[in-house]
file data_12.cif (mmCIF, C-alpha atoms)
data_work
#
loop_
_atom_site.label_atom_id
_atom_site.label_comp_id
_atom_site.auth_asym_id
_atom_site.auth_seq_id
_atom_site.Cartn_x
_atom_site.Cartn_y
_atom_site.Cartn_z
CA MET A 1 -32.84 9.15 10.38
CA LYS A 2 -34.31 5.66 10.51
CA GLY A 3 -32.77 4.91 7.15
CA LYS A 4 -29.33 5.94 8.33
CA ALA A 5 -29.71 3.93 11.50
CA LEU A 6 -30.76 0.90 9.49
CA LEU A 7 -27.81 1.29 7.15
CA LEU A 8 -25.43 1.65 10.05
CA GLY A 9 -26.88 -1.44 11.64
CA CYS A 10 -26.48 -3.38 8.43
CA LEU A 11 -22.89 -2.21 8.05
CA LEU A 12 -22.08 -3.25 11.58
CA ALA A 13 -23.72 -6.61 10.99
CA GLY A 14 -21.66 -7.11 7.84
CA LEU A 15 -24.73 -7.24 5.63
CA VAL A 16 -23.65 -4.31 3.46
CA PRO A 17 -20.43 -5.06 1.59
CA ARG A 18 -17.62 -2.60 2.20
CA PRO A 19 -15.73 -1.17 -0.74
CA ALA A 20 -12.99 -3.53 -1.83
CA SER A 21 -9.62 -2.34 -0.57
CA ALA A 22 -6.28 -2.44 -2.33
CA GLN A 23 -3.89 -5.31 -1.85
CA LEU A 24 -0.15 -4.98 -1.91
CA LEU A 25 1.40 -7.39 -4.39
CA GLU A 26 5.04 -6.50 -3.96
CA MET A 27 7.06 -3.92 -2.09
CA ARG A 28 10.69 -2.86 -2.51
CA GLN A 29 11.46 -0.93 0.64
CA ILE A 30 14.73 0.94 0.98
CA ILE A 31 16.11 0.59 4.48
CA PHE A 32 19.00 2.38 6.09
CA GLY A 33 21.14 1.02 8.87
CA MET A 34 20.55 1.33 12.53
CA ASP A 35 19.43 4.72 13.88
CA MET B 1 20.09 -5.94 14.73
CA CYS B 2 20.48 -7.87 11.50
CA ALA B 3 18.83 -8.69 8.22
CA HIS B 4 17.52 -11.99 9.56
CA ALA B 5 15.70 -10.32 12.47
CA VAL B 6 14.02 -7.84 10.15
CA SER B 7 13.10 -10.60 7.73
CA VAL B 8 11.57 -12.75 10.46
CA ALA B 9 9.65 -9.82 11.94
CA VAL B 10 8.17 -8.74 8.60
CA GLN B 11 7.35 -12.36 7.70
CA LYS B 12 5.18 -12.52 10.84
CA LEU B 13 2.78 -9.93 9.44
CA GLU B 14 -0.36 -11.72 8.34
CA GLY B 15 -0.52 -11.56 4.58
CA VAL B 16 3.21 -11.54 3.90
CA GLU B 17 4.36 -14.40 1.65
CA THR B 18 8.12 -13.91 1.30
CA VAL B 19 10.74 -11.46 2.55
CA ASP B 20 14.27 -10.97 1.21
CA VAL B 21 16.45 -8.46 3.00
CA SER B 22 19.80 -7.32 1.64
CA LEU B 23 21.72 -4.98 3.90
CA ASN B 24 24.37 -4.58 1.19
CA GLU B 25 21.76 -3.09 -1.09
CA GLY B 26 19.78 -1.55 1.76
CA LEU B 27 16.65 -3.18 0.42
CA ALA B 28 13.80 -5.35 1.66
CA LEU B 29 11.82 -7.10 -1.06
CA ILE B 30 8.47 -8.27 0.20
CA ARG B 31 5.83 -10.30 -1.63
CA PHE B 32 2.29 -10.58 -0.34
CA LYS B 33 -0.38 -13.25 -0.33
CA PRO B 34 -3.60 -12.76 -2.28
CA GLY B 35 -6.32 -11.12 -0.25
CA ASN B 36 -3.94 -9.46 2.24
CA ASP B 37 -4.76 -6.33 4.22
CA VAL B 38 -1.18 -5.27 4.87
CA THR B 39 -0.31 -1.60 4.51
CA VAL B 40 2.99 0.12 3.77
CA ASP B 41 2.68 1.74 7.19
CA GLN B 42 2.57 -1.63 8.95
CA VAL B 43 5.66 -2.92 7.15
CA ARG B 44 7.57 0.28 7.88
CA GLU B 45 6.64 0.14 11.55
CA VAL B 46 8.04 -3.38 11.85
CA ILE B 47 11.25 -2.31 10.10
CA ARG B 48 11.56 0.70 12.40
CA ARG B 49 10.99 -1.43 15.52
CA ASN B 50 13.86 -3.64 14.43
CA GLY B 51 16.30 -0.79 14.37
CA PHE B 52 16.29 0.23 10.74
CA THR B 53 15.04 3.36 9.00
CA PRO B 54 12.59 2.85 6.16
CA LYS B 55 13.01 5.22 3.23
CA THR B 56 11.26 5.30 -0.13
CA ALA B 57 9.32 2.22 -1.26
CA GLU B 58 8.34 1.03 -4.70
CA VAL B 59 5.08 -0.88 -4.66
CA ARG B 60 2.82 -2.88 -6.92
CA VAL B 61 -0.71 -2.80 -5.63
CA THR B 62 -4.02 -3.97 -6.97
CA GLY B 63 -7.32 -2.32 -6.21
CA ARG B 64 -10.10 -0.02 -7.32
CA VAL B 65 -9.57 3.68 -7.68
CA THR B 66 -12.17 5.92 -6.08
CA GLU B 67 -12.63 9.66 -5.97
CA GLN B 68 -12.57 11.27 -2.55
CA GLN B 69 -12.37 14.95 -1.62
CA GLY B 70 -11.58 15.97 -5.18
CA GLY B 71 -8.72 13.53 -5.68
CA LEU B 72 -8.12 9.92 -6.65
CA THR B 73 -7.55 7.39 -3.86
CA LEU B 74 -7.00 3.71 -3.39
CA LEU B 75 -8.68 2.19 -0.36
CA ALA B 76 -6.37 0.05 1.73
CA GLY B 77 -6.08 -1.94 4.90
CA GLY B 78 -9.61 -3.26 4.86
CA GLY B 79 -11.05 0.03 3.70
CA ASP B 80 -10.24 2.06 6.79
CA ARG B 81 -7.49 4.10 5.15
CA ALA B 82 -6.72 5.24 1.63
CA TYR B 83 -3.64 5.97 -0.42
CA THR B 84 -3.84 9.38 -2.09
CA LEU B 85 -2.70 9.07 -5.69
CA HIS B 86 -0.34 11.59 -7.25
CA GLU B 87 1.11 11.99 -10.69
CA SER B 88 4.80 11.29 -11.21
CA PRO B 89 6.85 13.96 -12.98
CA GLY B 90 7.78 11.46 -15.67
CA GLY B 91 4.22 10.45 -16.42
CA PRO B 92 2.00 13.48 -17.01
CA GLY B 93 -1.61 12.60 -17.55
CA VAL B 94 -1.42 9.19 -15.90
CA LEU B 95 -3.99 10.12 -13.26
CA GLY B 96 -6.48 11.11 -15.94
CA GLN B 97 -5.92 7.78 -17.69
CA LEU B 98 -6.24 6.00 -14.35
CA GLU B 99 -9.54 7.65 -13.60
CA GLN B 100 -10.92 6.61 -16.96
CA ALA B 101 -9.58 3.07 -16.81
CA GLY B 102 -10.36 2.35 -13.19
CA ARG B 103 -14.01 3.30 -13.04
CA ASN B 104 -15.39 -0.18 -13.29
CA ARG B 105 -12.59 -2.63 -12.71
CA PRO B 106 -9.62 -3.32 -10.49
CA LEU B 107 -6.18 -2.23 -11.67
CA VAL B 108 -2.56 -3.09 -10.90
CA ILE B 109 -0.77 0.14 -10.05
CA GLU B 110 3.01 0.58 -9.79
CA GLY B 111 4.34 3.56 -7.98
CA VAL B 112 6.43 5.06 -5.23
CA VAL B 113 5.49 5.65 -1.61
CA PRO B 114 7.75 8.48 -0.43
CA GLU B 115 10.02 8.35 2.56
CA PRO B 116 8.04 8.89 5.77
CA GLY B 117 8.15 12.36 7.26
CA GLU B 118 9.06 13.18 10.84
CA ASN B 119 5.52 12.49 11.98
CA GLY B 120 5.10 9.41 9.81
CA GLU B 121 3.34 11.21 7.00
CA GLY B 122 4.06 10.00 3.49
CA SER B 123 3.06 6.37 3.91
CA TRP B 124 -0.38 7.13 2.53
CA THR B 125 0.81 8.87 -0.62
CA LEU B 126 1.31 6.88 -3.82
CA VAL B 127 3.05 8.52 -6.78
CA VAL B 128 1.78 6.56 -9.78
CA ARG B 129 4.24 5.50 -12.45
CA ARG B 130 2.16 3.11 -14.50
CA PHE B 131 -0.86 0.88 -14.28
CA SER B 132 -2.53 -2.00 -16.07
CA SER B 133 -5.72 -3.98 -15.81
CA ALA B 134 -5.78 -6.58 -13.08
CA PRO B 135 -6.05 -10.21 -14.22
CA GLY B 136 -9.62 -11.45 -14.46
CA PRO B 137 -11.28 -13.57 -11.75
#
call {"tool": "encode", "arguments": {"input": "data_12.cif", "output": "structure tokens"}}
result
Amino acid sequence: MKGKALLLGCLLAGLVPRPASAQLLEMRQIIFGMD
Amino acid sequence: MCAHAVSVAVQKLEGVETVDVSLNEGLALIRFKPGNDVTVDQVREVIRRNGFTPKTAEVRVTGRVTEQQGGLTLLAGGGDRAYTLHESPGGPGVLGQLEQAGRNRPLVIEGVVPEPGENGEGSWTLVVRRFSSAPGP
């Protein structure tokens, strides 16, 4: 329990790195006219 | 409602580098800055708020593949959400190759994000067409 609390605290403090997330490079979005 | 308004609105999203909207082609081509946290959902919401209906999107995305709940995913938007990866009909076996290739390094993945459903579902699904290794640091 203490370990989990410590980990949570570290996460909240930004001390534990979060998994890297994906980055969009390019997006071709089809759009239709006005609703 | 016009192409310029949509372009300006999407350009305001932090992380967007360039936007080209062609109403003749019914297409918005968006390029993103390195290190962005933009999601497909966010772009589609801006398009929707400006009076247009977003349909299918083709994307190039870079990231690390992880396994969650028995399937392959790509964390997005700062790690709070994840794209669920699916195999395209024209590329059988690509997910297996992706899992092998992506274990220890970031990849560039090209695929399709389906048209959003009535309740907005679909923006977190990525049908993988092809992938390659991301350029080194």
call {"tool": "resolve_selection", "arguments": {"input": "data_12.cif", "expression": "the PyMOL selection byres ((chain B) within 7 of (chain A))", "output": "PyMOL selection string"}}
result
chain B and resi 26-32+35-38+51-64+74-79
call {"tool": "atom_distance", "arguments": {"input": "data_12.cif", "atom1": "CA of Arg105 in chain B", "atom2": "CA of Gly91 in chain B"}}
result
21.6 Å
call {"tool": "atom_distance", "arguments": {"input": "data_12.cif", "atom1": "CA of Ser7 in chain B", "atom2": "CA of Ser22 in chain B"}}
result
9.6 Å
call {"tool": "atom_distance", "arguments": {"input": "data_12.cif", "atom1": "CA of Asn50 in chain B", "atom2": "CA of Val6 in chain B"}}
result
6.0 Å
call {"tool": "resolve_selection", "arguments": {"input": "data_12.cif", "expression": "the PyMOL selection byres ((chain B and resi 134) around 6)", "output": "list in words"}}
result
Pro106, Leu107, Val108, Ser133 and Pro135 of chain B
call {"tool": "residues_around", "arguments": {"input": "data_12.cif", "residues": "Val43 in chain B", "least_positions_apart": "3", "cutoff": "9 Å", "atoms": "all atoms listed in the file", "output": "PyMOL selection string"}}
result
(chain A and resi 29) or (chain B and resi 10+13+38-40+46-48)
